[in-house]
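S.K.: To start, I am sharing the structure in question, which I have written as structure tokens.
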Amino acid sequence: MTGGGERGSTVTGGTTTLGEVIAVLEEAYPPRLAEQWDRVGLVAGDRSAPVSRVVVAVDATDAVVDHALAVGADLLLVHHPPLMKGVHSVATDTPKGRLLHKLIAGGCALFAAHTNADSARPGVNDALAEVLGLTPDRPLIPTGDGTVDRWVVTVPEGDVDTLMQTVFAAGAGRMSGYTECSFSVLGTGRFRPGDGTDPTIGTVGEPEEVTELRVEFVAPPELRSAVRRAVIEGHPYEVPAMDVLVNHAGPAPSAEDTGLGRVCELAEPMTLARFAELVAERLPVTSWGVRAAGDPDAEIRRVALCGGSGDSLLGAARAVGADVYLTGDLRHHVADEHLREGGPMLVDAAHWALEFPWCAQAAALLAERVGVTATVCDERTDPWTVSAGGDGGQRR
């Protein structure tokens, strides 16, 4: 894919604002999932401005920006944030400044979904697995440190269903592939409403006893604020009683959990050489191509993968018992030491090619959820443009 073409789908509707598009993107790719060092979100644009056309790409290069402006895009959605590190100038004689000035002058906003899109479900790594014909299972590195919050809430027996539906909708109650998990026990709640209160049950100044359920459920720590809001929204009381306990024996990661990388099982085993060929067949062509490290005839069943640069997850790939790990930007010494320490085998593809399948996922999301035209820019932004002198995988 070397041209400046595009593909995508369209949904027509009323006027949509940039703020409404951002709300959908942040629901799909929550900013809380971004790594601490990352810089995701709106780079340039007015949230109140109308948006009718969106272009999606991995990188905001000159060619991509020119393409977005040429097709009349109101928003350029990219994976890689152009302002990852602090800058002291966005003048037009700087590379980043030139791009930003072009976009602003052309009335096109710029938004980045990076490591939050990597960890989201579905996200970058799910799109990568699916384009290879694999079913994405649990993450290699689940979001957070493996702990979960254990919530304890007391609620009148007749209101428990409303409360639980609200907290489950906020993401609580998921454990190792199960959903809507909770435990409850019957008890008696006692309180005396004070002056200035507006009790749902009882009278100001009078002691009250109510048959209540003590309900317990788990939720990821990163959802703490959302779950607290859900408890307040779904609870009938003016001041719900709730406790949050840190549980260090959290459930094992499941196929619904967020996090970096994915673990997948092949429907049928294949050799390392055939798997490398499959990756090359399914991903867009680049000069970098696809490389593999290991016995070409070795059998593969379990695949670990991580789009982009994934050498930090080599240990995680070994820990899940993967036969092969697919990622990009692998360095000589890192790969060599990893293999000598027991593997798994490695397949190294171009960084851009591994993340490009996400563009179609994001475009489809916006086409389905927002009244805009969303297309993928096919401009190849992989920086490597020439390859020569390879031996076709034959060792000498």
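Lettering and numbering for the structure tokens are positional, with chains as A, B, ... in the shown order, residues counted from 1 in each chain, and ligands counted from 1 in the shown order.
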Leaving out Gly173 (chain A) and any residue of its chain fewer than 3 positions from it, which residues lie within 8 Å of it when counting only C-alpha atoms, given as a list in words?

M.R.: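 Neighbouring residues, sequence-local ones excluded: Val167, Phe168, Thr179, Glu180, Cys181, Ser182, Phe217, Val218 and Ala219 of chain A.
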
S.K.: Can you build me a table of region 243-317 of chain A residues sitting at most 10 Å from region 21-37 of chain A, with the closest atom pair per residue and its distance in Å to one decimal, using only C-alpha atoms, sorted by chain and residue number, as JSON lines?

M.R.:
```
{"residue": "A:Thr258", "atom": "CA", "partner": "A:Leu33", "partner_atom": "CA", "distance": 8.1}
{"residue": "A:Gly259", "atom": "CA", "partner": "A:Leu33", "partner_atom": "CA", "distance": 7.8}
{"residue": "A:Leu260", "atom": "CA", "partner": "A:Leu33", "partner_atom": "CA", "distance": 9.6}
```

S.K.: Could you please take those selected residues and save C-alpha atoms as a PDB file, in the first residue's frame?

M.R.:
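Wrote it out as selection16.pdb, contents follow:
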```pdb
ATOM      1  CA  THR A 258      -7.714  -4.604  28.866  1.00  0.00           C
ATOM      2  CA  GLY A 259      -3.949  -4.475  28.635  1.00  0.00           C
ATOM      3  CA  LEU A 260      -0.956  -4.580  26.315  1.00  0.00           C
TER       4      LEU A 260
END
```

S.K.: Where does DSSP see alpha helix (DSSP H) in region 87-316 of chain A, if you list the residues as a compact mmCIF listing (two decimals) with N, CA and C atoms, in the first residue's frame?

M.R.:
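Generated output (states_21.txt):
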```txt
# COMPACT_ATOMS: atom_id res chain seq x y z
N PRO A 95 9.51 20.76 11.92
CA PRO A 95 8.69 19.70 11.31
C PRO A 95 7.29 19.59 11.92
N LYS A 96 7.21 19.59 13.25
CA LYS A 96 5.91 19.44 13.90
C LYS A 96 5.07 20.70 13.74
N GLY A 97 5.70 21.85 13.84
CA GLY A 97 4.99 23.09 13.66
C GLY A 97 4.40 23.22 12.28
N ARG A 98 5.15 22.77 11.27
CA ARG A 98 4.66 22.83 9.89
C ARG A 98 3.36 22.03 9.75
N LEU A 99 3.34 20.83 10.33
CA LEU A 99 2.14 19.99 10.24
C LEU A 99 0.96 20.62 10.95
N LEU A 100 1.20 21.13 12.16
CA LEU A 100 0.11 21.72 12.93
C LEU A 100 -0.45 22.95 12.23
N HIS A 101 0.42 23.78 11.67
CA HIS A 101 -0.06 24.98 10.96
C HIS A 101 -0.89 24.59 9.74
N LYS A 102 -0.46 23.56 9.02
CA LYS A 102 -1.22 23.10 7.86
C LYS A 102 -2.63 22.68 8.28
N LEU A 103 -2.70 21.88 9.34
CA LEU A 103 -4.00 21.38 9.78
C LEU A 103 -4.90 22.50 10.28
N ILE A 104 -4.35 23.39 11.11
CA ILE A 104 -5.16 24.48 11.66
C ILE A 104 -5.64 25.41 10.55
N ALA A 105 -4.73 25.73 9.63
CA ALA A 105 -5.10 26.62 8.53
C ALA A 105 -6.17 25.97 7.64
N THR A 115 -1.29 4.44 23.28
CA THR A 115 -1.26 3.25 24.14
C THR A 115 -2.61 2.95 24.76
N ASN A 116 -3.50 3.95 24.82
CA ASN A 116 -4.87 3.65 25.25
C ASN A 116 -5.57 2.78 24.22
N ALA A 117 -5.30 3.01 22.93
CA ALA A 117 -5.87 2.17 21.88
C ALA A 117 -5.17 0.81 21.84
N ASP A 118 -3.90 0.75 22.25
CA ASP A 118 -3.20 -0.54 22.33
C ASP A 118 -3.88 -1.45 23.36
N SER A 119 -4.24 -0.89 24.52
CA SER A 119 -4.77 -1.69 25.62
C SER A 119 -6.27 -1.92 25.55
N VAL A 124 -5.82 -1.91 19.16
CA VAL A 124 -4.78 -2.17 18.16
C VAL A 124 -4.41 -3.65 18.09
N ASN A 125 -4.22 -4.26 19.25
CA ASN A 125 -3.76 -5.65 19.25
C ASN A 125 -4.86 -6.63 18.85
N ASP A 126 -6.11 -6.29 19.13
CA ASP A 126 -7.21 -7.13 18.66
C ASP A 126 -7.30 -7.07 17.14
N ALA A 127 -7.14 -5.86 16.58
CA ALA A 127 -7.19 -5.70 15.13
C ALA A 127 -6.05 -6.47 14.47
N LEU A 128 -4.87 -6.45 15.08
CA LEU A 128 -3.73 -7.19 14.54
C LEU A 128 -4.01 -8.68 14.55
N ALA A 129 -4.52 -9.20 15.66
CA ALA A 129 -4.83 -10.63 15.74
C ALA A 129 -5.87 -11.02 14.70
N GLU A 130 -6.91 -10.22 14.57
CA GLU A 130 -8.01 -10.57 13.68
C GLU A 130 -7.60 -10.55 12.21
N VAL A 131 -6.71 -9.62 11.83
CA VAL A 131 -6.29 -9.58 10.43
C VAL A 131 -5.44 -10.81 10.09
N VAL A 160 -31.78 -3.60 44.86
CA VAL A 160 -30.48 -4.18 44.53
C VAL A 160 -30.31 -4.38 43.03
N ASP A 161 -31.38 -4.75 42.32
CA ASP A 161 -31.24 -5.00 40.88
C ASP A 161 -30.84 -3.73 40.13
N THR A 162 -31.47 -2.62 40.48
CA THR A 162 -31.13 -1.34 39.82
C THR A 162 -29.68 -0.96 40.10
N LEU A 163 -29.25 -1.13 41.35
CA LEU A 163 -27.87 -0.80 41.71
C LEU A 163 -26.89 -1.65 40.92
N MET A 164 -27.13 -2.96 40.87
CA MET A 164 -26.17 -3.85 40.23
C MET A 164 -26.12 -3.63 38.72
N GLN A 165 -27.26 -3.36 38.09
CA GLN A 165 -27.25 -3.07 36.66
C GLN A 165 -26.39 -1.84 36.36
N THR A 166 -26.43 -0.85 37.24
CA THR A 166 -25.69 0.38 37.03
C THR A 166 -24.19 0.16 37.19
N VAL A 167 -23.78 -0.58 38.25
CA VAL A 167 -22.34 -0.78 38.46
C VAL A 167 -21.77 -1.75 37.43
N PHE A 168 -22.56 -2.73 37.01
CA PHE A 168 -22.08 -3.64 35.97
C PHE A 168 -21.87 -2.88 34.65
N ALA A 169 -22.77 -1.94 34.35
CA ALA A 169 -22.62 -1.14 33.14
C ALA A 169 -21.37 -0.29 33.18
N ARG A 224 -12.26 3.10 39.49
CA ARG A 224 -12.78 3.47 40.81
C ARG A 224 -13.73 4.67 40.74
N SER A 225 -13.34 5.71 40.03
CA SER A 225 -14.19 6.90 39.95
C SER A 225 -15.50 6.58 39.24
N ALA A 226 -15.43 5.81 38.15
CA ALA A 226 -16.63 5.48 37.39
C ALA A 226 -17.58 4.61 38.21
N VAL A 227 -17.02 3.67 38.96
CA VAL A 227 -17.87 2.79 39.77
C VAL A 227 -18.50 3.58 40.91
N ARG A 228 -17.73 4.49 41.52
CA ARG A 228 -18.31 5.31 42.60
C ARG A 228 -19.49 6.12 42.08
N ARG A 229 -19.34 6.71 40.88
CA ARG A 229 -20.45 7.46 40.30
C ARG A 229 -21.63 6.55 40.03
N ALA A 230 -21.36 5.32 39.60
CA ALA A 230 -22.43 4.37 39.31
C ALA A 230 -23.18 3.99 40.58
N VAL A 231 -22.45 3.80 41.69
CA VAL A 231 -23.11 3.47 42.95
C VAL A 231 -24.04 4.61 43.36
N ILE A 232 -23.56 5.83 43.27
CA ILE A 232 -24.38 6.99 43.65
C ILE A 232 -25.61 7.11 42.74
N GLU A 233 -25.39 6.86 41.44
CA GLU A 233 -26.50 6.97 40.48
C GLU A 233 -27.55 5.88 40.68
N GLY A 234 -27.10 4.65 40.96
CA GLY A 234 -28.03 3.53 41.04
C GLY A 234 -28.60 3.26 42.41
N LEU A 272 7.07 -22.35 12.09
CA LEU A 272 7.50 -20.95 12.20
C LEU A 272 7.59 -20.32 10.82
N ALA A 273 8.14 -21.04 9.85
CA ALA A 273 8.28 -20.50 8.50
C ALA A 273 6.92 -20.16 7.90
N ARG A 274 5.95 -21.05 8.10
CA ARG A 274 4.61 -20.79 7.55
C ARG A 274 3.94 -19.62 8.27
N PHE A 275 4.14 -19.51 9.58
CA PHE A 275 3.55 -18.40 10.31
C PHE A 275 4.13 -17.07 9.83
N ALA A 276 5.44 -17.03 9.60
CA ALA A 276 6.06 -15.82 9.08
C ALA A 276 5.47 -15.46 7.72
N GLU A 277 5.22 -16.46 6.88
CA GLU A 277 4.60 -16.22 5.58
C GLU A 277 3.19 -15.68 5.75
N LEU A 278 2.45 -16.23 6.73
CA LEU A 278 1.09 -15.76 6.99
C LEU A 278 1.09 -14.29 7.37
N VAL A 279 2.01 -13.91 8.25
CA VAL A 279 2.12 -12.51 8.67
C VAL A 279 2.40 -11.62 7.46
N ALA A 280 3.33 -12.07 6.61
CA ALA A 280 3.67 -11.28 5.42
C ALA A 280 2.49 -11.17 4.46
N GLU A 281 1.69 -12.22 4.36
CA GLU A 281 0.54 -12.22 3.46
C GLU A 281 -0.57 -11.29 3.95
N ARG A 282 -0.77 -11.23 5.27
CA ARG A 282 -1.93 -10.52 5.81
C ARG A 282 -1.65 -9.04 6.12
N LEU A 314 8.83 -9.21 26.11
CA LEU A 314 9.43 -10.51 25.81
C LEU A 314 9.27 -11.49 26.98
N GLY A 315 9.50 -11.02 28.19
CA GLY A 315 9.36 -11.88 29.36
C GLY A 315 7.93 -12.35 29.55
N ALA A 316 6.98 -11.47 29.26
CA ALA A 316 5.57 -11.83 29.39
C ALA A 316 5.20 -12.90 28.37
```

S.K.: Select from region 112-232 of chain A everything DSSP, run on the backbone, classes as strand (DSSP E), then give the selection as number ranges by chain.

M.R.: A: 112, 141-142, 148-156, 183-191, 208-219

S.K.: Need to verify the contact set: Arg214 (chain A), 6 Å, only C-alpha atoms, exclusion of same-chain residues closer than 6 positions in sequence. Can you return it as number ranges by chain?

M.R.: A: 153-154, 184-185

S.K.: Restricting the output to N, CA and C atoms, write the selected residues as a compact mmCIF listing (two decimals), in the first residue's frame.

M.R.:
```txt
# COMPACT_ATOMS: atom_id res chain seq x y z
N VAL A 153 -21.26 -2.51 49.39
CA VAL A 153 -22.32 -1.51 49.38
C VAL A 153 -23.56 -2.11 50.05
N THR A 154 -24.20 -1.36 50.92
CA THR A 154 -25.47 -1.80 51.50
C THR A 154 -26.61 -1.07 50.82
N SER A 184 -24.05 -11.32 48.06
CA SER A 184 -24.85 -10.50 48.97
C SER A 184 -25.31 -11.32 50.17
N VAL A 185 -25.52 -10.63 51.28
CA VAL A 185 -26.03 -11.26 52.50
C VAL A 185 -27.01 -10.28 53.14
```

S.K.: Find the spatial neighbours of region 350-365 of chain A, counting only C-alpha atoms, within a cut-off of 7 Å - ignore same-chain residues fewer than 5 positions away - and output them as number ranges by chain.

M.R.: A: 8-9, 56-58, 123-124, 127-128, 131, 283-284, 288-289, 307-309, 328-329, 374-376, 381-382

S.K.: For the atom pair CA of His338 (chain A) and CA of Cys306 (chain A), what is the interatomic distance in Å to one decimal place?

M.R.: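 Interatomic distance here is 16.1 Å.
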
S.K.: Out of A:Gly41, A:Pro142, A:Pro50, A:Pro122, which residue has the shortest atom-to-atom distance to Leu18 (chain A) when counting only C-alpha atoms?

M.R.: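 Selected residue with least distance to Leu18 (chain A): A:Pro50.
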
S.K.: Could you check which of A:Pro136, A:Gly144, A:Pro344, A:Gly86 is closest to Ala255 (chain A), using only C-alpha atoms?

M.R.: A:Pro136

S.K.: Please provide as a list in words all residues within 12 Å of Val71 (chain A), with the sequence filter that same-chain residues fewer than 3 positions apart are discarded (counting only C-alpha atoms).

M.R.: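 So the residues in contact are Gly4, Gly5, Glu6, Arg7, Ser52, Arg53, Val54, Val55, Val64, Val65, Asp66, His67, Ala68, Asp74, Leu75, Leu76, Gly106, Cys108, Thr373, Ala374, Thr375, Val376 and Cys377 of chain A.
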
S.K.: Ranking A:Asp243, A:Glu256, A:Glu222, A:Asp93 by minimum distance to Arg138 (chain A) and counting only C-alpha atoms, which one comes first?

M.R.: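 The answer is A:Glu256, which sits nearest to Arg138 (chain A).
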
S.K.: At a cut-off of 8 Å, using only C-alpha atoms, what residues contact Ala44 (chain A)? Leave out same-chain residues fewer than 2 positions from it and give the result as a list of chain:residue names.

M.R.: A:Leu42, A:Asp46, A:Leu100, A:Ile104, A:Ala109, A:Leu110, A:Phe111

S.K.: Print the selection's residues with N, CA and C atoms to a file, as a PDB file, in the first residue's frame.

M.R.:
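Contents of part.pdb, as written:
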```pdb
ATOM      1  N   LEU A  42      -6.770  15.173  22.252  1.00  0.00           N
ATOM      2  CA  LEU A  42      -6.877  16.246  21.265  1.00  0.00           C
ATOM      3  C   LEU A  42      -5.590  17.056  21.212  1.00  0.00           C
ATOM      4  N   ASP A  46     -11.148  22.652  17.784  1.00  0.00           N
ATOM      5  CA  ASP A  46     -12.200  23.281  18.583  1.00  0.00           C
ATOM      6  C   ASP A  46     -13.302  22.254  18.799  1.00  0.00           C
ATOM      7  N   LEU A 100       1.204  21.129  12.163  1.00  0.00           N
ATOM      8  CA  LEU A 100       0.111  21.722  12.928  1.00  0.00           C
ATOM      9  C   LEU A 100      -0.452  22.949  12.231  1.00  0.00           C
ATOM     10  N   ILE A 104      -4.349  23.385  11.115  1.00  0.00           N
ATOM     11  CA  ILE A 104      -5.157  24.478  11.664  1.00  0.00           C
ATOM     12  C   ILE A 104      -5.641  25.406  10.552  1.00  0.00           C
ATOM     13  N   ALA A 109      -8.930  19.246  12.606  1.00  0.00           N
ATOM     14  CA  ALA A 109      -8.461  18.939  13.960  1.00  0.00           C
ATOM     15  C   ALA A 109      -7.544  17.718  13.934  1.00  0.00           C
ATOM     16  N   LEU A 110      -6.793  17.515  15.017  1.00  0.00           N
ATOM     17  CA  LEU A 110      -5.874  16.390  15.136  1.00  0.00           C
ATOM     18  C   LEU A 110      -6.075  15.732  16.488  1.00  0.00           C
ATOM     19  N   PHE A 111      -6.283  14.405  16.482  1.00  0.00           N
ATOM     20  CA  PHE A 111      -6.523  13.644  17.707  1.00  0.00           C
ATOM     21  C   PHE A 111      -5.680  12.381  17.658  1.00  0.00           C
TER      22      PHE A 111
END
```

S.K.: Smallest atom-to-atom distance to Pro82 (chain A): which of A:Ala49, A:Val40, A:Val320, A:Ala241, using only C-alpha atoms?

M.R.: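 Counting only C-alpha atoms, the residue closest to Pro82 (chain A) is A:Val40.
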
S.K.: CA of Leu186 (chain A) to CA of Val210 (chain A): how many Å, to one decimal?

M.R.: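 The value is 10.7 Å.
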
S.K.: Pick the closest to Ser287 (chain A) from A:Gly194, A:Pro199, A:Pro253, A:Pro383: which is it, counting only C-alpha atoms?

M.R.: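 The closest residue to Ser287 (chain A) is A:Pro383.
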
S.K.: Would you mind reading off the distance between CA of Thr147 (chain A) and CA of Pro221 (chain A), one decimal, in Å?

M.R.: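 So the answer is 7.4 Å.
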